[in-house]
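> Input file: target33.pdb. Contents: PDB, C-alpha atoms.
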```pdb
ATOM      1  CA  MET A   1      10.990  14.749   3.999  1.00  0.00           C
ATOM      2  CA  SER A   2      12.462  12.514   1.368  1.00  0.00           C
ATOM      3  CA  GLU A   3      10.322  13.538  -1.583  1.00  0.00           C
ATOM      4  CA  SER A   4      12.219  15.750  -3.986  1.00  0.00           C
ATOM      5  CA  VAL A   5      11.034  18.984  -5.526  1.00  0.00           C
ATOM      6  CA  GLU A   6      10.948  17.208  -8.877  1.00  0.00           C
ATOM      7  CA  ASP A   7       8.693  14.498  -7.460  1.00  0.00           C
ATOM      8  CA  ARG A   8       6.315  17.167  -6.215  1.00  0.00           C
ATOM      9  CA  ILE A   9       6.319  19.037  -9.514  1.00  0.00           C
ATOM     10  CA  ALA A  10       5.690  15.753 -11.344  1.00  0.00           C
ATOM     11  CA  ARG A  11       2.317  15.486  -9.598  1.00  0.00           C
ATOM     12  CA  VAL A  12       1.068  18.646 -11.297  1.00  0.00           C
ATOM     13  CA  SER A  13      -1.160  18.239 -14.347  1.00  0.00           C
ATOM     14  CA  PHE A  14       0.025  21.073 -16.522  1.00  0.00           C
ATOM     15  CA  GLY A  15      -2.364  22.014 -19.338  1.00  0.00           C
ATOM     16  CA  ALA A  16      -1.786  21.598 -23.058  1.00  0.00           C
ATOM     17  CA  ASP A  17      -0.029  24.965 -22.925  1.00  0.00           C
ATOM     18  CA  GLY A  18       2.292  23.694 -20.194  1.00  0.00           C
ATOM     19  CA  LEU A  19       0.731  25.937 -17.556  1.00  0.00           C
ATOM     20  CA  VAL A  20      -1.095  25.521 -14.273  1.00  0.00           C
ATOM     21  CA  ALA A  21      -3.336  28.127 -12.645  1.00  0.00           C
ATOM     22  CA  ALA A  22      -1.862  29.576  -9.441  1.00  0.00           C
ATOM     23  CA  ILE A  23      -4.109  31.237  -6.879  1.00  0.00           C
ATOM     24  CA  ILE A  24      -2.228  33.671  -4.662  1.00  0.00           C
ATOM     25  CA  GLN A  25      -3.629  34.130  -1.153  1.00  0.00           C
ATOM     26  CA  GLN A  26      -2.416  36.313   1.693  1.00  0.00           C
ATOM     27  CA  HIS A  27      -1.422  33.780   4.361  1.00  0.00           C
ATOM     28  CA  ASP A  28      -2.952  35.463   7.411  1.00  0.00           C
ATOM     29  CA  THR A  29      -5.960  37.468   6.228  1.00  0.00           C
ATOM     30  CA  LEU A  30      -6.795  34.810   3.600  1.00  0.00           C
ATOM     31  CA  GLU A  31      -7.573  37.462   0.997  1.00  0.00           C
ATOM     32  CA  VAL A  32      -7.348  36.099  -2.544  1.00  0.00           C
ATOM     33  CA  LEU A  33      -4.886  38.497  -4.123  1.00  0.00           C
ATOM     34  CA  MET A  34      -4.598  37.373  -7.734  1.00  0.00           C
ATOM     35  CA  LEU A  35      -4.494  34.498 -10.165  1.00  0.00           C
ATOM     36  CA  ALA A  36      -1.630  33.940 -12.556  1.00  0.00           C
ATOM     37  CA  TRP A  37       0.102  31.104 -14.405  1.00  0.00           C
ATOM     38  CA  MET A  38       3.103  28.893 -13.812  1.00  0.00           C
ATOM     39  CA  ASP A  39       4.944  26.444 -15.963  1.00  0.00           C
ATOM     40  CA  ALA A  40       7.109  23.765 -14.346  1.00  0.00           C
ATOM     41  CA  GLU A  41      10.112  26.060 -14.084  1.00  0.00           C
ATOM     42  CA  ALA A  42       8.093  28.912 -12.541  1.00  0.00           C
ATOM     43  CA  LEU A  43       6.704  26.468  -9.979  1.00  0.00           C
ATOM     44  CA  ARG A  44      10.210  25.110  -9.322  1.00  0.00           C
ATOM     45  CA  ARG A  45      11.464  28.632  -8.641  1.00  0.00           C
ATOM     46  CA  THR A  46       8.440  29.340  -6.441  1.00  0.00           C
ATOM     47  CA  LEU A  47       9.044  26.198  -4.373  1.00  0.00           C
ATOM     48  CA  THR A  48      12.766  26.698  -4.002  1.00  0.00           C
ATOM     49  CA  THR A  49      13.544  30.419  -3.864  1.00  0.00           C
ATOM     50  CA  GLY A  50      10.996  31.849  -1.452  1.00  0.00           C
ATOM     51  CA  ARG A  51       9.689  34.300  -4.073  1.00  0.00           C
ATOM     52  CA  VAL A  52       6.618  33.619  -6.195  1.00  0.00           C
ATOM     53  CA  THR A  53       7.480  33.303  -9.897  1.00  0.00           C
ATOM     54  CA  PHE A  54       5.012  33.241 -12.777  1.00  0.00           C
ATOM     55  CA  TRP A  55       5.007  32.667 -16.510  1.00  0.00           C
ATOM     56  CA  SER A  56       3.560  35.584 -18.456  1.00  0.00           C
ATOM     57  CA  ARG A  57       1.373  34.352 -21.296  1.00  0.00           C
ATOM     58  CA  SER A  58       1.326  37.777 -22.919  1.00  0.00           C
ATOM     59  CA  ARG A  59       5.040  38.528 -22.670  1.00  0.00           C
ATOM     60  CA  GLN A  60       6.218  34.886 -22.865  1.00  0.00           C
ATOM     61  CA  GLU A  61       8.681  35.312 -20.036  1.00  0.00           C
ATOM     62  CA  TYR A  62       9.128  34.613 -16.337  1.00  0.00           C
ATOM     63  CA  TRP A  63       8.223  37.365 -13.942  1.00  0.00           C
ATOM     64  CA  ARG A  64       8.114  37.981 -10.225  1.00  0.00           C
ATOM     65  CA  LYS A  65       5.780  40.516  -8.730  1.00  0.00           C
ATOM     66  CA  GLY A  66       7.745  43.283  -7.109  1.00  0.00           C
ATOM     67  CA  ASP A  67      10.860  43.261  -9.258  1.00  0.00           C
ATOM     68  CA  THR A  68       9.874  46.700 -10.483  1.00  0.00           C
ATOM     69  CA  SER A  69       7.240  47.791  -7.928  1.00  0.00           C
ATOM     70  CA  GLY A  70       8.844  46.460  -4.769  1.00  0.00           C
ATOM     71  CA  HIS A  71       5.537  44.737  -3.978  1.00  0.00           C
ATOM     72  CA  ILE A  72       7.118  41.337  -3.574  1.00  0.00           C
ATOM     73  CA  GLN A  73       5.396  38.087  -2.651  1.00  0.00           C
ATOM     74  CA  LEU A  74       7.183  35.908  -0.107  1.00  0.00           C
ATOM     75  CA  VAL A  75       6.181  32.242  -0.119  1.00  0.00           C
ATOM     76  CA  ARG A  76       4.551  30.925   3.046  1.00  0.00           C
ATOM     77  CA  GLY A  77       3.016  27.709   1.703  1.00  0.00           C
ATOM     78  CA  ALA A  78       1.991  25.890  -1.462  1.00  0.00           C
ATOM     79  CA  ARG A  79      -0.651  23.263  -2.041  1.00  0.00           C
ATOM     80  CA  LEU A  80      -1.855  21.277  -5.039  1.00  0.00           C
ATOM     81  CA  ASP A  81      -5.517  20.523  -5.596  1.00  0.00           C
ATOM     82  CA  CYS A  82      -7.136  17.100  -5.775  1.00  0.00           C
ATOM     83  CA  ASP A  83      -6.874  16.731  -9.547  1.00  0.00           C
ATOM     84  CA  GLY A  84      -3.511  18.426  -9.834  1.00  0.00           C
ATOM     85  CA  ASP A  85      -4.520  21.298 -12.074  1.00  0.00           C
ATOM     86  CA  ALA A  86      -4.442  24.239  -9.668  1.00  0.00           C
ATOM     87  CA  VAL A  87      -1.997  25.402  -7.026  1.00  0.00           C
ATOM     88  CA  LEU A  88      -2.747  27.586  -4.030  1.00  0.00           C
ATOM     89  CA  ILE A  89       0.204  29.674  -2.894  1.00  0.00           C
ATOM     90  CA  ALA A  90       0.116  31.308   0.537  1.00  0.00           C
ATOM     91  CA  VAL A  91       2.182  34.479   0.587  1.00  0.00           C
ATOM     92  CA  GLU A  92       3.219  37.488   2.551  1.00  0.00           C
ATOM     93  CA  GLN A  93       2.290  40.262   0.117  1.00  0.00           C
ATOM     94  CA  VAL A  94       4.276  43.437   0.540  1.00  0.00           C
ATOM     95  CA  GLY A  95       2.110  46.390  -0.474  1.00  0.00           C
ATOM     96  CA  ALA A  96      -0.452  46.158  -3.250  1.00  0.00           C
ATOM     97  CA  ALA A  97      -0.837  42.870  -5.096  1.00  0.00           C
ATOM     98  CA  CYS A  98      -2.476  44.519  -8.100  1.00  0.00           C
ATOM     99  CA  HIS A  99      -0.603  46.556 -10.684  1.00  0.00           C
ATOM    100  CA  THR A 100      -3.472  49.058 -10.506  1.00  0.00           C
ATOM    101  CA  GLY A 101      -2.463  49.827  -6.929  1.00  0.00           C
ATOM    102  CA  THR A 102      -5.343  48.086  -5.178  1.00  0.00           C
ATOM    103  CA  ARG A 103      -4.687  45.498  -2.512  1.00  0.00           C
ATOM    104  CA  THR A 104      -6.040  42.632  -4.610  1.00  0.00           C
ATOM    105  CA  CYS A 105      -6.760  42.185  -8.306  1.00  0.00           C
ATOM    106  CA  PHE A 106     -10.423  41.552  -7.471  1.00  0.00           C
ATOM    107  CA  ASP A 107     -11.182  44.853  -5.741  1.00  0.00           C
ATOM    108  CA  SER A 108     -12.520  46.870  -8.652  1.00  0.00           C
ATOM    109  CA  ASP A 109     -15.054  44.894 -10.654  1.00  0.00           C
ATOM    110  CA  ASP A 110     -18.205  43.573  -8.989  1.00  0.00           C
ATOM    111  CA  LEU A 111     -20.137  41.191 -11.247  1.00  0.00           C
ATOM    112  CA  GLU A 112     -23.208  41.739  -9.050  1.00  0.00           C
ATOM    113  CA  PRO A 113     -24.698  38.272  -9.010  1.00  0.00           C
ATOM    114  CA  VAL A 114     -28.158  37.426  -7.862  1.00  0.00           C
ATOM    115  CA  VAL A 115     -27.472  36.284  -4.318  1.00  0.00           C
ATOM    116  CA  SER A 116     -29.384  33.316  -3.049  1.00  0.00           C
ATOM    117  CA  ALA A 117     -31.142  33.554   0.282  1.00  0.00           C
ATOM    118  CA  PRO A 118     -29.006  32.791   3.351  1.00  0.00           C
TER     119      PRO A 118
ATOM    120  CA  MET B 119     -28.015  49.019 -11.143  1.00  0.00           C
ATOM    121  CA  SER B 120     -28.573  49.586 -14.820  1.00  0.00           C
ATOM    122  CA  GLU B 121     -25.794  47.406 -16.212  1.00  0.00           C
ATOM    123  CA  SER B 122     -27.128  44.161 -17.615  1.00  0.00           C
ATOM    124  CA  VAL B 123     -25.812  40.700 -16.959  1.00  0.00           C
ATOM    125  CA  GLU B 124     -24.693  40.551 -20.576  1.00  0.00           C
ATOM    126  CA  ASP B 125     -22.702  43.760 -20.157  1.00  0.00           C
ATOM    127  CA  ARG B 126     -20.943  42.268 -17.154  1.00  0.00           C
ATOM    128  CA  ILE B 127     -20.207  38.999 -18.944  1.00  0.00           C
ATOM    129  CA  ALA B 128     -18.866  40.963 -21.916  1.00  0.00           C
ATOM    130  CA  ARG B 129     -16.081  42.320 -19.699  1.00  0.00           C
ATOM    131  CA  VAL B 130     -14.657  38.825 -19.181  1.00  0.00           C
ATOM    132  CA  SER B 131     -11.669  37.820 -21.291  1.00  0.00           C
ATOM    133  CA  PHE B 132     -12.418  34.192 -21.981  1.00  0.00           C
ATOM    134  CA  GLY B 133      -9.443  32.152 -23.171  1.00  0.00           C
ATOM    135  CA  ALA B 134      -8.969  30.605 -26.596  1.00  0.00           C
ATOM    136  CA  ASP B 135     -10.934  27.640 -25.269  1.00  0.00           C
ATOM    137  CA  GLY B 136     -13.814  29.919 -24.295  1.00  0.00           C
ATOM    138  CA  LEU B 137     -13.190  29.435 -20.582  1.00  0.00           C
ATOM    139  CA  VAL B 138     -12.291  31.567 -17.599  1.00  0.00           C
ATOM    140  CA  ALA B 139     -10.782  30.308 -14.337  1.00  0.00           C
ATOM    141  CA  ALA B 140     -13.154  30.552 -11.385  1.00  0.00           C
ATOM    142  CA  ILE B 141     -11.813  30.573  -7.833  1.00  0.00           C
ATOM    143  CA  ILE B 142     -14.396  29.457  -5.293  1.00  0.00           C
ATOM    144  CA  GLN B 143     -14.026  30.923  -1.816  1.00  0.00           C
ATOM    145  CA  GLN B 144     -16.126  30.396   1.308  1.00  0.00           C
ATOM    146  CA  HIS B 145     -17.611  33.834   1.951  1.00  0.00           C
ATOM    147  CA  ASP B 146     -17.096  34.019   5.720  1.00  0.00           C
ATOM    148  CA  THR B 147     -14.029  31.915   6.566  1.00  0.00           C
ATOM    149  CA  LEU B 148     -12.322  32.956   3.271  1.00  0.00           C
ATOM    150  CA  GLU B 149     -11.072  29.415   2.689  1.00  0.00           C
ATOM    151  CA  VAL B 150     -10.239  28.805  -0.962  1.00  0.00           C
ATOM    152  CA  LEU B 151     -12.348  25.758  -1.717  1.00  0.00           C
ATOM    153  CA  MET B 152     -11.568  24.892  -5.326  1.00  0.00           C
ATOM    154  CA  LEU B 153     -10.792  26.150  -8.798  1.00  0.00           C
ATOM    155  CA  ALA B 154     -12.876  25.218 -11.820  1.00  0.00           C
ATOM    156  CA  TRP B 155     -13.821  26.616 -15.217  1.00  0.00           C
ATOM    157  CA  MET B 156     -16.702  28.583 -16.647  1.00  0.00           C
ATOM    158  CA  ASP B 157     -17.717  29.480 -20.156  1.00  0.00           C
ATOM    159  CA  ALA B 158     -20.012  32.442 -20.738  1.00  0.00           C
ATOM    160  CA  GLU B 159     -23.141  30.373 -20.195  1.00  0.00           C
ATOM    161  CA  ALA B 160     -21.832  28.848 -16.948  1.00  0.00           C
ATOM    162  CA  LEU B 161     -21.008  32.336 -15.695  1.00  0.00           C
ATOM    163  CA  ARG B 162     -24.439  33.576 -16.790  1.00  0.00           C
ATOM    164  CA  ARG B 163     -26.098  30.776 -14.803  1.00  0.00           C
ATOM    165  CA  THR B 164     -23.840  31.505 -11.824  1.00  0.00           C
ATOM    166  CA  LEU B 165     -24.737  35.209 -11.851  1.00  0.00           C
ATOM    167  CA  THR B 166     -28.464  34.684 -12.298  1.00  0.00           C
ATOM    168  CA  THR B 167     -29.514  31.476 -10.539  1.00  0.00           C
ATOM    169  CA  GLY B 168     -27.818  31.660  -7.134  1.00  0.00           C
ATOM    170  CA  ARG B 169     -26.044  28.327  -7.723  1.00  0.00           C
ATOM    171  CA  VAL B 170     -22.466  28.072  -8.982  1.00  0.00           C
ATOM    172  CA  THR B 171     -22.281  26.434 -12.410  1.00  0.00           C
ATOM    173  CA  PHE B 172     -19.128  25.214 -14.141  1.00  0.00           C
ATOM    174  CA  TRP B 173     -18.081  23.831 -17.504  1.00  0.00           C
ATOM    175  CA  SER B 174     -16.387  20.459 -17.242  1.00  0.00           C
ATOM    176  CA  ARG B 175     -13.433  20.267 -19.590  1.00  0.00           C
ATOM    177  CA  SER B 176     -13.190  16.491 -19.203  1.00  0.00           C
ATOM    178  CA  ARG B 177     -16.879  15.705 -19.627  1.00  0.00           C
ATOM    179  CA  GLN B 178     -17.684  18.655 -21.911  1.00  0.00           C
ATOM    180  CA  GLU B 179     -20.852  19.512 -20.051  1.00  0.00           C
ATOM    181  CA  TYR B 180     -22.217  21.938 -17.492  1.00  0.00           C
ATOM    182  CA  TRP B 181     -22.206  20.859 -13.888  1.00  0.00           C
ATOM    183  CA  ARG B 182     -23.146  22.194 -10.503  1.00  0.00           C
ATOM    184  CA  LYS B 183     -21.487  20.930  -7.371  1.00  0.00           C
ATOM    185  CA  GLY B 184     -24.024  19.216  -5.183  1.00  0.00           C
ATOM    186  CA  ASP B 185     -26.431  17.912  -7.789  1.00  0.00           C
ATOM    187  CA  THR B 186     -25.434  14.412  -6.801  1.00  0.00           C
ATOM    188  CA  SER B 187     -23.654  14.951  -3.454  1.00  0.00           C
ATOM    189  CA  GLY B 188     -25.959  17.557  -1.948  1.00  0.00           C
ATOM    190  CA  HIS B 189     -22.867  19.685  -1.268  1.00  0.00           C
ATOM    191  CA  ILE B 190     -24.229  22.701  -3.077  1.00  0.00           C
ATOM    192  CA  GLN B 191     -22.598  26.089  -3.490  1.00  0.00           C
ATOM    193  CA  LEU B 192     -24.828  29.111  -2.976  1.00  0.00           C
ATOM    194  CA  VAL B 193     -23.593  32.337  -4.551  1.00  0.00           C
ATOM    195  CA  ARG B 194     -22.772  35.188  -2.170  1.00  0.00           C
ATOM    196  CA  GLY B 195     -20.704  37.390  -4.463  1.00  0.00           C
ATOM    197  CA  ALA B 196     -18.730  37.450  -7.710  1.00  0.00           C
ATOM    198  CA  ARG B 197     -15.842  39.630  -8.790  1.00  0.00           C
ATOM    199  CA  LEU B 198     -13.737  39.916 -11.927  1.00  0.00           C
ATOM    200  CA  ASP B 199     -10.009  40.559 -11.767  1.00  0.00           C
ATOM    201  CA  CYS B 200      -8.154  43.537 -13.203  1.00  0.00           C
ATOM    202  CA  ASP B 201      -7.356  41.945 -16.553  1.00  0.00           C
ATOM    203  CA  GLY B 202     -10.629  40.095 -16.862  1.00  0.00           C
ATOM    204  CA  ASP B 203      -9.290  36.559 -16.981  1.00  0.00           C
ATOM    205  CA  ALA B 204     -10.224  35.231 -13.552  1.00  0.00           C
ATOM    206  CA  VAL B 205     -13.377  35.376 -11.456  1.00  0.00           C
ATOM    207  CA  LEU B 206     -13.621  35.058  -7.701  1.00  0.00           C
ATOM    208  CA  ILE B 207     -16.910  33.608  -6.501  1.00  0.00           C
ATOM    209  CA  ALA B 208     -17.870  33.930  -2.843  1.00  0.00           C
ATOM    210  CA  VAL B 209     -20.120  31.063  -1.772  1.00  0.00           C
ATOM    211  CA  GLU B 210     -21.853  29.375   1.079  1.00  0.00           C
ATOM    212  CA  GLN B 211     -20.507  25.841   0.726  1.00  0.00           C
ATOM    213  CA  VAL B 212     -22.771  23.163   2.118  1.00  0.00           C
ATOM    214  CA  GLY B 213     -20.639  20.262   3.359  1.00  0.00           C
ATOM    215  CA  ALA B 214     -17.421  19.261   1.643  1.00  0.00           C
ATOM    216  CA  ALA B 215     -16.312  21.194  -1.418  1.00  0.00           C
ATOM    217  CA  CYS B 216     -14.048  18.386  -2.625  1.00  0.00           C
ATOM    218  CA  HIS B 217     -15.293  15.189  -4.218  1.00  0.00           C
ATOM    219  CA  THR B 218     -12.774  13.342  -2.043  1.00  0.00           C
ATOM    220  CA  GLY B 219     -14.762  14.407   1.016  1.00  0.00           C
ATOM    221  CA  THR B 220     -12.354  16.998   2.349  1.00  0.00           C
ATOM    222  CA  ARG B 221     -13.496  20.529   3.053  1.00  0.00           C
ATOM    223  CA  THR B 222     -11.423  22.034   0.257  1.00  0.00           C
ATOM    224  CA  CYS B 223      -9.694  20.622  -2.814  1.00  0.00           C
ATOM    225  CA  PHE B 224      -6.351  21.857  -1.455  1.00  0.00           C
ATOM    226  CA  ASP B 225      -6.339  19.932   1.832  1.00  0.00           C
ATOM    227  CA  SER B 226      -4.411  16.837   0.818  1.00  0.00           C
ATOM    228  CA  ASP B 227      -1.295  17.721  -1.142  1.00  0.00           C
ATOM    229  CA  ASP B 228       1.375  19.926   0.410  1.00  0.00           C
ATOM    230  CA  LEU B 229       4.032  20.985  -2.109  1.00  0.00           C
ATOM    231  CA  GLU B 230       6.340  21.839   0.787  1.00  0.00           C
ATOM    232  CA  PRO B 231       8.001  24.969  -0.505  1.00  0.00           C
ATOM    233  CA  VAL B 232      11.073  26.526   0.930  1.00  0.00           C
ATOM    234  CA  VAL B 233       9.560  29.241   3.096  1.00  0.00           C
ATOM    235  CA  SER B 234      11.275  32.577   3.179  1.00  0.00           C
ATOM    236  CA  ALA B 235      12.037  34.147   6.510  1.00  0.00           C
ATOM    237  CA  PRO B 236       9.216  36.156   8.097  1.00  0.00           C
TER     238      PRO B 236
END
```
What would you get if you wrote out this structure as structure tokens?


Amino acid sequence: MSESVEDRIARVSFGADGLVAAIIQQHDTLEVLMLAWMDAEALRRTLTTGRVTFWSRSRQEYWRKGDTSGHIQLVRGARLDCDGDAVLIAVEQVGAACHTGTRTCFDSDDLEPVVSAP
Amino acid sequence: MSESVEDRIARVSFGADGLVAAIIQQHDTLEVLMLAWMDAEALRRTLTTGRVTFWSRSRQEYWRKGDTSGHIQLVRGARLDCDGDAVLIAVEQVGAACHTGTRTCFDSDDLEPVVSAP
């Protein structure tokens, strides 16, 4: 296509902190693995390198899952939501997505809602 | 269980703006439908009423999808991530999740990443 990476990134509504929420989903099982944050450069790297890159709010630096653990995330797709303030990244997750060793970051803490009738 | 709703909400790390990111996922197909924001009261309503409730950053008010469209979201589950700053809500989505009329809010805008080799 003719649209450049910069044109695509320009459609994102980054927050006042310069970040957009990125949902990471396993491409085939559709498990939601984690949520993290990207600035424009992290998104640029994600769209162009094949590896998911985030911005760490706590450490104030770029990071890629797997650089230390080997549990890398390979990009399979990326979509922007209707108001431009969230991205959904489809990945091939090697090993555990969570630093605790569980498959996803949502495996351990059930908020036990009242469930409405089917 | 013995843990109260307030105990569960107390585990959430709300941001400086008092909000937590909420990923909304269809419980059976596992489609990611949308991402929106909750403060403690929106999460409390979500966990106790069976209907997903958000905080609108633009309108500065609580809202529930479907109050005008009929496209309601019925709660099927809710989980907190490992560092407490994102919630994953499993729902039964009636009709379209997106205000544009598409099934999900991620259907329309492909960011066309470079995809790494399988």

> Find the spatial neighbours of Arg197 (chain B), counting only C-alpha atoms, within a cut-off of 9 Å - ignore same-chain residues fewer than 2 positions away - and output them as a list in words.

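Selected residues are Phe106, Asp107, Ser108, Asp109, Asp110, Leu111, Glu112 and Pro113 of chain A; Gly195, Asp199, Ala204, Val205, Leu206, Ile207 and Ala208 of chain B.
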
> Given the PyMOL selection byres ((chain A and resi 65) around 10) and the file above, list the residues it selects as a list in words.

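Applied to this file, the PyMOL selection byres ((chain A and resi 65) around 10) selects Arg51, Val52, Thr53, Phe54, Trp63, Arg64, Gly66, Asp67, Thr68, Ser69, Gly70, His71, Ile72, Gln73, Leu74, Gln93, Val94, Ala97, Cys98 and His99 of chain A.
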
> Evaluate the PyMOL selection byres ((chain A and resi 55) around 10) here and jot the selected residues down as a VMD selection string.

chain A and resid 19 to 20 36 to 43 53 to 54 56 to 64

> Report chain A as a compact mmCIF listing (two decimals) with C-alpha atoms, keeping the file's coordinate frame in the frame of chain B, after least-squares superposition over all C-alpha atoms paired in order.


```txt
# COMPACT_ATOMS: atom_id res chain seq x y z
CA MET A 1 -28.02 49.13 -11.23
CA SER A 2 -28.55 49.63 -14.91
CA GLU A 3 -25.78 47.42 -16.24
CA SER A 4 -27.12 44.17 -17.62
CA VAL A 5 -25.81 40.70 -16.95
CA GLU A 6 -24.69 40.55 -20.57
CA ASP A 7 -22.71 43.77 -20.15
CA ARG A 8 -20.96 42.27 -17.15
CA ILE A 9 -20.21 39.00 -18.93
CA ALA A 10 -18.87 40.96 -21.91
CA ARG A 11 -16.08 42.32 -19.70
CA VAL A 12 -14.66 38.83 -19.17
CA SER A 13 -11.67 37.82 -21.29
CA PHE A 14 -12.43 34.20 -21.97
CA GLY A 15 -9.45 32.15 -23.17
CA ALA A 16 -8.97 30.60 -26.60
CA ASP A 17 -10.94 27.64 -25.27
CA GLY A 18 -13.81 29.93 -24.29
CA LEU A 19 -13.19 29.43 -20.57
CA VAL A 20 -12.29 31.57 -17.59
CA ALA A 21 -10.77 30.31 -14.34
CA ALA A 22 -13.16 30.56 -11.38
CA ILE A 23 -11.81 30.58 -7.83
CA ILE A 24 -14.40 29.45 -5.30
CA GLN A 25 -14.03 30.92 -1.81
CA GLN A 26 -16.13 30.37 1.30
CA HIS A 27 -17.61 33.82 1.96
CA ASP A 28 -17.09 34.01 5.72
CA THR A 29 -14.03 31.91 6.57
CA LEU A 30 -12.32 32.95 3.30
CA GLU A 31 -11.07 29.41 2.70
CA VAL A 32 -10.23 28.80 -0.96
CA LEU A 33 -12.35 25.76 -1.72
CA MET A 34 -11.57 24.89 -5.33
CA LEU A 35 -10.80 26.15 -8.80
CA ALA A 36 -12.87 25.22 -11.82
CA TRP A 37 -13.82 26.61 -15.22
CA MET A 38 -16.70 28.59 -16.65
CA ASP A 39 -17.70 29.48 -20.15
CA ALA A 40 -20.02 32.44 -20.74
CA GLU A 41 -23.14 30.37 -20.19
CA ALA A 42 -21.83 28.84 -16.94
CA LEU A 43 -21.01 32.33 -15.69
CA ARG A 44 -24.45 33.57 -16.77
CA ARG A 45 -26.10 30.79 -14.79
CA THR A 46 -23.84 31.50 -11.81
CA LEU A 47 -24.74 35.20 -11.84
CA THR A 48 -28.45 34.68 -12.29
CA THR A 49 -29.51 31.49 -10.52
CA GLY A 50 -27.82 31.65 -7.14
CA ARG A 51 -26.05 28.32 -7.71
CA VAL A 52 -22.47 28.07 -8.97
CA THR A 53 -22.28 26.42 -12.40
CA PHE A 54 -19.13 25.22 -14.14
CA TRP A 55 -18.08 23.84 -17.49
CA SER A 56 -16.38 20.46 -17.24
CA ARG A 57 -13.42 20.26 -19.60
CA SER A 58 -13.20 16.49 -19.21
CA ARG A 59 -16.89 15.70 -19.63
CA GLN A 60 -17.69 18.65 -21.93
CA GLU A 61 -20.85 19.52 -20.06
CA TYR A 62 -22.23 21.94 -17.49
CA TRP A 63 -22.21 20.84 -13.89
CA ARG A 64 -23.15 22.18 -10.50
CA LYS A 65 -21.50 20.92 -7.37
CA GLY A 66 -24.03 19.20 -5.18
CA ASP A 67 -26.44 17.91 -7.80
CA THR A 68 -25.42 14.40 -6.81
CA SER A 69 -23.66 14.94 -3.46
CA GLY A 70 -25.95 17.55 -1.96
CA HIS A 71 -22.86 19.68 -1.28
CA ILE A 72 -24.23 22.70 -3.08
CA GLN A 73 -22.59 26.09 -3.49
CA LEU A 74 -24.83 29.11 -2.97
CA VAL A 75 -23.59 32.34 -4.55
CA ARG A 76 -22.78 35.18 -2.16
CA GLY A 77 -20.70 37.39 -4.47
CA ALA A 78 -18.73 37.45 -7.70
CA ARG A 79 -15.84 39.62 -8.79
CA LEU A 80 -13.73 39.92 -11.92
CA ASP A 81 -10.01 40.56 -11.77
CA CYS A 82 -8.15 43.54 -13.20
CA ASP A 83 -7.36 41.95 -16.55
CA GLY A 84 -10.64 40.09 -16.85
CA ASP A 85 -9.28 36.57 -16.98
CA ALA A 86 -10.22 35.23 -13.55
CA VAL A 87 -13.37 35.38 -11.45
CA LEU A 88 -13.62 35.05 -7.69
CA ILE A 89 -16.91 33.60 -6.50
CA ALA A 90 -17.87 33.92 -2.84
CA VAL A 91 -20.11 31.06 -1.77
CA GLU A 92 -21.85 29.37 1.08
CA GLN A 93 -20.51 25.83 0.72
CA VAL A 94 -22.77 23.16 2.12
CA GLY A 95 -20.64 20.26 3.35
CA ALA A 96 -17.41 19.26 1.64
CA ALA A 97 -16.30 21.20 -1.42
CA CYS A 98 -14.04 18.39 -2.62
CA HIS A 99 -15.29 15.20 -4.23
CA THR A 100 -12.77 13.35 -2.05
CA GLY A 101 -14.76 14.40 1.00
CA THR A 102 -12.34 16.99 2.34
CA ARG A 103 -13.49 20.51 3.06
CA THR A 104 -11.42 22.03 0.26
CA CYS A 105 -9.70 20.62 -2.80
CA PHE A 106 -6.36 21.85 -1.45
CA ASP A 107 -6.34 19.93 1.83
CA SER A 108 -4.42 16.83 0.81
CA ASP A 109 -1.30 17.72 -1.14
CA ASP A 110 1.37 19.93 0.41
CA LEU A 111 4.01 20.99 -2.12
CA GLU A 112 6.33 21.85 0.79
CA PRO A 113 8.01 24.97 -0.51
CA VAL A 114 11.08 26.53 0.94
CA VAL A 115 9.55 29.24 3.10
CA SER A 116 11.27 32.57 3.17
CA ALA A 117 12.04 34.17 6.50
CA PRO A 118 9.22 36.21 8.07
```

> Please indicate the distance in Å from CA of Glu121 (chain B) to CA of Asp203 (chain B), rounded to one decimal place.

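These atoms are spaced 19.8 Å apart.
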
> So which one's closest to chain B, A:Arg103, A:Arg44, A:Arg11, A:Arg76? Using all atoms listed in the file, please.

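The shortest atom-to-atom distance to chain B comes from A:Arg76.
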
> Evaluated on this file, the PyMOL selection byres ((chain B and resi 145-152) around 7) picks out some residues - which ones are they, written as a PyMOL selection string?

(chain A and resi 30-31) or (chain B and resi 141-144+153-154+194+208-210+215+222-223)

> Just how far from CA of Ala196 (chain B) is CA of Gly95 (chain A), in Å to one decimal?

23.8 Å

> CA of Gly219 (chain B) to CA of Cys82 (chain A): how many Å, to one decimal?

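The value is 10.6 Å.
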